[in-house]
Amino acid sequence: MTHALFFDCEFLTAEGAPSRFWCGPYDPDPVVAQIGVVKIGLTPDFPLLDTLRLHVLPQDRQGQRVPLDPFFTRLTGITEATIDRDALPLAQALDRVRVFAAGQRLWSWGKDEFNMVAISCYMQGLTPPLPATQFSNACTLLLRAGMPYNDLKRTRSNQLADHFQITHPPLRGHDALDDALSVAYVLQALLRQGKLSPYDLTTPSNLA
């Protein structure tokens, strides 16, 4: 394996939806609207090789375009104009991710594949093009590298690089690519410091 992949997604939400588990009468289904993927080389110095940012057309159970809640736009910066201009159908977007990943493991801060693949494909009646076995939870890598569990529980993906005081270009929280980069910068640093090895990123954890 020559590279490792870190991804994040932004999915539809509304103010208070997380506390209601997206079960309120006006809460949207938490389908994916943006995907970001980062590719890190597993060669000496562990360089950042490539990135991918995709916007996804959010559709409801009847196949209709879902309007973005103003809260979602404030949170992510994704506007209706962004979706009109850039969004791909879900099947096309996930196929782009599949090709970009080239069969290698995809790590996220948590289990973003539930929203990116499982829920979103279920809502559209699609067969997922990426198997569950291709995904792993990057939180397990940080535990392996020595991050205290209590710190891990209260640190979000967009806060991770700053938590480790890693110098990096400006990142916007709740942008899928920037959140994936926040995770990737930390894993890149831990690999360079020898706190993780390429082997750790090529084998699934039994906690993932």
# chains A, B, ... in the order shown; residues from 1 in each chain; ligands from 1
>>> select_by_dssp(residues="segment 3-121 of chain A", states="strand (DSSP E or B)", output="VMD selection string")
chain A and resid 3 to 11 32 to 41 48 to 56 59 65 88 106 to 108
>>> select_by_dssp(residues="segment 38-176 of chain A", states="helix (DSSP H, G or I)", output="number ranges by chain")
A: 70-76, 80-86, 90-101, 113-124, 132-134, 139-145, 149-153, 157-163, 176
>>> write_last_selection(atoms="C-alpha atoms", output="tab-separated table (two decimals), in the first residue's frame")
chain	number	residue	atom	x	y	z
A	70	PRO	CA	-30.30	28.29	6.61
A	71	PHE	CA	-28.57	26.76	9.64
A	72	PHE	CA	-26.77	24.26	7.38
A	73	THR	CA	-25.59	27.09	5.11
A	74	ARG	CA	-24.31	29.13	8.06
A	75	LEU	CA	-22.53	26.07	9.44
A	76	THR	CA	-20.88	24.85	6.23
A	80	GLU	CA	-28.07	26.80	-2.92
A	81	ALA	CA	-25.92	28.43	-5.60
A	82	THR	CA	-23.05	26.07	-4.69
A	83	ILE	CA	-25.33	23.06	-5.13
A	84	ASP	CA	-26.80	24.41	-8.39
A	85	ARG	CA	-23.34	25.03	-9.82
A	86	ASP	CA	-21.24	22.15	-8.51
A	90	LEU	CA	-24.94	10.76	-5.41
A	91	ALA	CA	-24.05	7.74	-7.57
A	92	GLN	CA	-21.59	9.81	-9.62
A	93	ALA	CA	-20.01	11.40	-6.55
A	94	LEU	CA	-19.50	8.07	-4.78
A	95	ASP	CA	-18.01	6.59	-7.92
A	96	ARG	CA	-15.52	9.47	-7.98
A	97	VAL	CA	-14.59	8.59	-4.39
A	98	ARG	CA	-14.29	4.91	-5.32
A	99	VAL	CA	-11.91	5.67	-8.19
A	100	PHE	CA	-9.88	8.13	-6.08
A	101	ALA	CA	-9.52	5.61	-3.26
A	113	GLU	CA	-19.56	6.50	6.02
A	114	PHE	CA	-22.95	6.03	7.70
A	115	ASN	CA	-24.13	9.35	6.26
A	116	MET	CA	-22.00	9.39	3.12
A	117	VAL	CA	-22.89	5.87	1.97
A	118	ALA	CA	-25.35	3.95	4.13
A	119	ILE	CA	-28.09	6.53	4.74
A	120	SER	CA	-27.65	8.40	1.48
A	121	CYS	CA	-27.72	5.26	-0.68
A	122	TYR	CA	-30.67	3.85	1.25
A	123	MET	CA	-32.68	7.04	0.64
A	124	GLN	CA	-32.06	6.79	-3.11
A	132	ALA	CA	-18.28	-1.25	4.79
A	133	THR	CA	-14.98	-3.15	5.06
A	134	GLN	CA	-13.20	-0.29	3.24
A	139	CYS	CA	-10.13	7.81	16.38
A	140	THR	CA	-8.60	4.36	16.94
A	141	LEU	CA	-5.34	5.58	15.41
A	142	LEU	CA	-5.14	8.48	17.85
A	143	LEU	CA	-5.74	6.13	20.77
A	144	ARG	CA	-2.94	3.92	19.44
A	145	ALA	CA	-0.67	6.98	19.23
A	149	TYR	CA	-9.51	9.08	25.58
A	150	ASN	CA	-11.10	12.03	27.40
A	151	ASP	CA	-9.35	14.45	25.03
A	152	LEU	CA	-10.43	12.40	22.05
A	153	LYS	CA	-14.10	12.42	23.13
A	157	SER	CA	-12.22	16.74	13.45
A	158	ASN	CA	-11.93	20.46	12.67
A	159	GLN	CA	-10.22	21.03	16.04
A	160	LEU	CA	-7.74	18.17	15.81
A	161	ALA	CA	-4.82	19.90	14.10
A	162	ASP	CA	-5.04	22.84	16.49
A	163	HIS	CA	-5.29	20.46	19.47
A	176	ALA	CA	-15.56	18.39	4.33
>>> atom_distance(atom1="atom CA of Asp200 of chain A", atom2="atom CA of Leu181 of chain A")
18.7 Å
>>> decode(residues="segment 4-46 of chain A", atoms="N, CA and C atoms", output="short mmCIF file (atom, residue, chain, number, x, y, z; two decimals), in the first residue's frame")
data_model
loop_
_atom_site.label_atom_id
_atom_site.label_comp_id
_atom_site.auth_asym_id
_atom_site.auth_seq_id
_atom_site.Cartn_x
_atom_site.Cartn_y
_atom_site.Cartn_z
N ALA A 4 -2.44 6.51 2.16
CA ALA A 4 -3.55 6.42 3.10
C ALA A 4 -4.54 7.53 2.77
N LEU A 5 -5.81 7.29 3.07
CA LEU A 5 -6.88 8.22 2.71
C LEU A 5 -7.68 8.61 3.95
N PHE A 6 -7.96 9.90 4.04
CA PHE A 6 -8.77 10.44 5.13
C PHE A 6 -9.92 11.22 4.50
N PHE A 7 -11.13 10.99 5.00
CA PHE A 7 -12.28 11.66 4.40
C PHE A 7 -13.20 12.22 5.47
N ASP A 8 -14.04 13.12 5.02
CA ASP A 8 -15.06 13.71 5.88
C ASP A 8 -16.24 14.02 4.99
N CYS A 9 -17.42 14.13 5.58
CA CYS A 9 -18.57 14.57 4.79
C CYS A 9 -19.41 15.54 5.59
N GLU A 10 -20.12 16.39 4.88
CA GLU A 10 -21.12 17.27 5.47
C GLU A 10 -22.49 16.77 5.02
N PHE A 11 -23.39 16.62 5.97
CA PHE A 11 -24.72 16.09 5.65
C PHE A 11 -25.77 17.06 6.16
N LEU A 12 -26.96 16.96 5.59
CA LEU A 12 -28.00 17.92 5.88
C LEU A 12 -28.37 17.93 7.35
N THR A 13 -28.61 19.13 7.85
CA THR A 13 -29.03 19.30 9.23
C THR A 13 -29.84 20.57 9.34
N ALA A 14 -30.43 20.77 10.49
CA ALA A 14 -31.17 21.98 10.82
C ALA A 14 -30.89 22.30 12.28
N GLU A 15 -31.22 23.50 12.69
CA GLU A 15 -30.94 23.89 14.07
C GLU A 15 -31.65 22.95 15.03
N GLY A 16 -30.88 22.34 15.94
CA GLY A 16 -31.43 21.44 16.93
C GLY A 16 -31.60 20.01 16.46
N ALA A 17 -31.38 19.74 15.17
CA ALA A 17 -31.59 18.39 14.65
C ALA A 17 -30.75 17.33 15.37
N PRO A 18 -29.46 17.60 15.68
CA PRO A 18 -28.68 16.55 16.38
C PRO A 18 -29.30 16.16 17.71
N SER A 19 -29.82 17.13 18.45
CA SER A 19 -30.41 16.80 19.75
C SER A 19 -31.71 16.02 19.60
N ARG A 20 -32.33 16.10 18.41
CA ARG A 20 -33.55 15.34 18.14
C ARG A 20 -33.26 14.06 17.36
N PHE A 21 -31.97 13.78 17.13
CA PHE A 21 -31.55 12.64 16.32
C PHE A 21 -32.19 12.69 14.92
N TRP A 22 -32.34 13.90 14.39
CA TRP A 22 -32.90 14.13 13.06
C TRP A 22 -34.33 13.56 12.95
N CYS A 23 -35.05 13.54 14.06
CA CYS A 23 -36.39 12.94 14.07
C CYS A 23 -37.50 13.97 14.18
N GLY A 24 -37.17 15.26 14.20
CA GLY A 24 -38.20 16.29 14.26
C GLY A 24 -39.00 16.33 12.97
N PRO A 25 -40.23 16.88 13.02
CA PRO A 25 -41.09 16.86 11.83
C PRO A 25 -40.54 17.68 10.67
N TYR A 26 -39.66 18.63 10.95
CA TYR A 26 -39.09 19.46 9.88
C TYR A 26 -37.61 19.19 9.65
N ASP A 27 -37.06 18.18 10.33
CA ASP A 27 -35.64 17.87 10.16
C ASP A 27 -35.43 17.12 8.85
N PRO A 28 -34.41 17.50 8.08
CA PRO A 28 -34.12 16.75 6.85
C PRO A 28 -33.49 15.41 7.18
N ASP A 29 -33.63 14.44 6.29
CA ASP A 29 -32.83 13.23 6.41
C ASP A 29 -31.36 13.61 6.30
N PRO A 30 -30.48 13.02 7.11
CA PRO A 30 -29.07 13.43 7.10
C PRO A 30 -28.29 12.86 5.92
N VAL A 31 -28.69 13.26 4.72
CA VAL A 31 -28.01 12.78 3.51
C VAL A 31 -26.82 13.67 3.20
N VAL A 32 -25.85 13.12 2.50
CA VAL A 32 -24.60 13.81 2.24
C VAL A 32 -24.78 14.94 1.23
N ALA A 33 -24.10 16.06 1.49
CA ALA A 33 -24.11 17.20 0.56
C ALA A 33 -22.70 17.60 0.13
N GLN A 34 -21.68 17.14 0.86
CA GLN A 34 -20.29 17.47 0.50
C GLN A 34 -19.37 16.36 1.00
N ILE A 35 -18.38 16.02 0.20
CA ILE A 35 -17.39 15.00 0.54
C ILE A 35 -16.00 15.58 0.32
N GLY A 36 -15.10 15.33 1.26
CA GLY A 36 -13.71 15.70 1.09
C GLY A 36 -12.81 14.51 1.38
N VAL A 37 -11.80 14.30 0.55
CA VAL A 37 -10.87 13.18 0.72
C VAL A 37 -9.44 13.69 0.55
N VAL A 38 -8.55 13.21 1.40
CA VAL A 38 -7.13 13.58 1.37
C VAL A 38 -6.30 12.31 1.20
N LYS A 39 -5.31 12.37 0.33
CA LYS A 39 -4.42 11.23 0.09
C LYS A 39 -3.01 11.58 0.59
N ILE A 40 -2.49 10.76 1.51
CA ILE A 40 -1.16 10.93 2.08
C ILE A 40 -0.28 9.76 1.64
N GLY A 41 0.91 10.06 1.17
CA GLY A 41 1.84 9.01 0.77
C GLY A 41 2.42 8.30 1.97
N LEU A 42 2.59 6.99 1.86
CA LEU A 42 3.21 6.20 2.93
C LEU A 42 4.66 5.88 2.60
N THR A 43 5.32 6.86 2.03
CA THR A 43 6.75 6.81 1.73
C THR A 43 7.45 7.78 2.67
N PRO A 44 8.79 7.79 2.72
CA PRO A 44 9.47 8.70 3.63
C PRO A 44 8.97 10.13 3.50
N ASP A 45 8.75 10.79 4.64
CA ASP A 45 8.23 12.14 4.81
C ASP A 45 6.71 12.20 4.67
N PHE A 46 6.06 11.14 4.22
CA PHE A 46 4.60 11.05 4.21
C PHE A 46 3.94 12.28 3.59
#
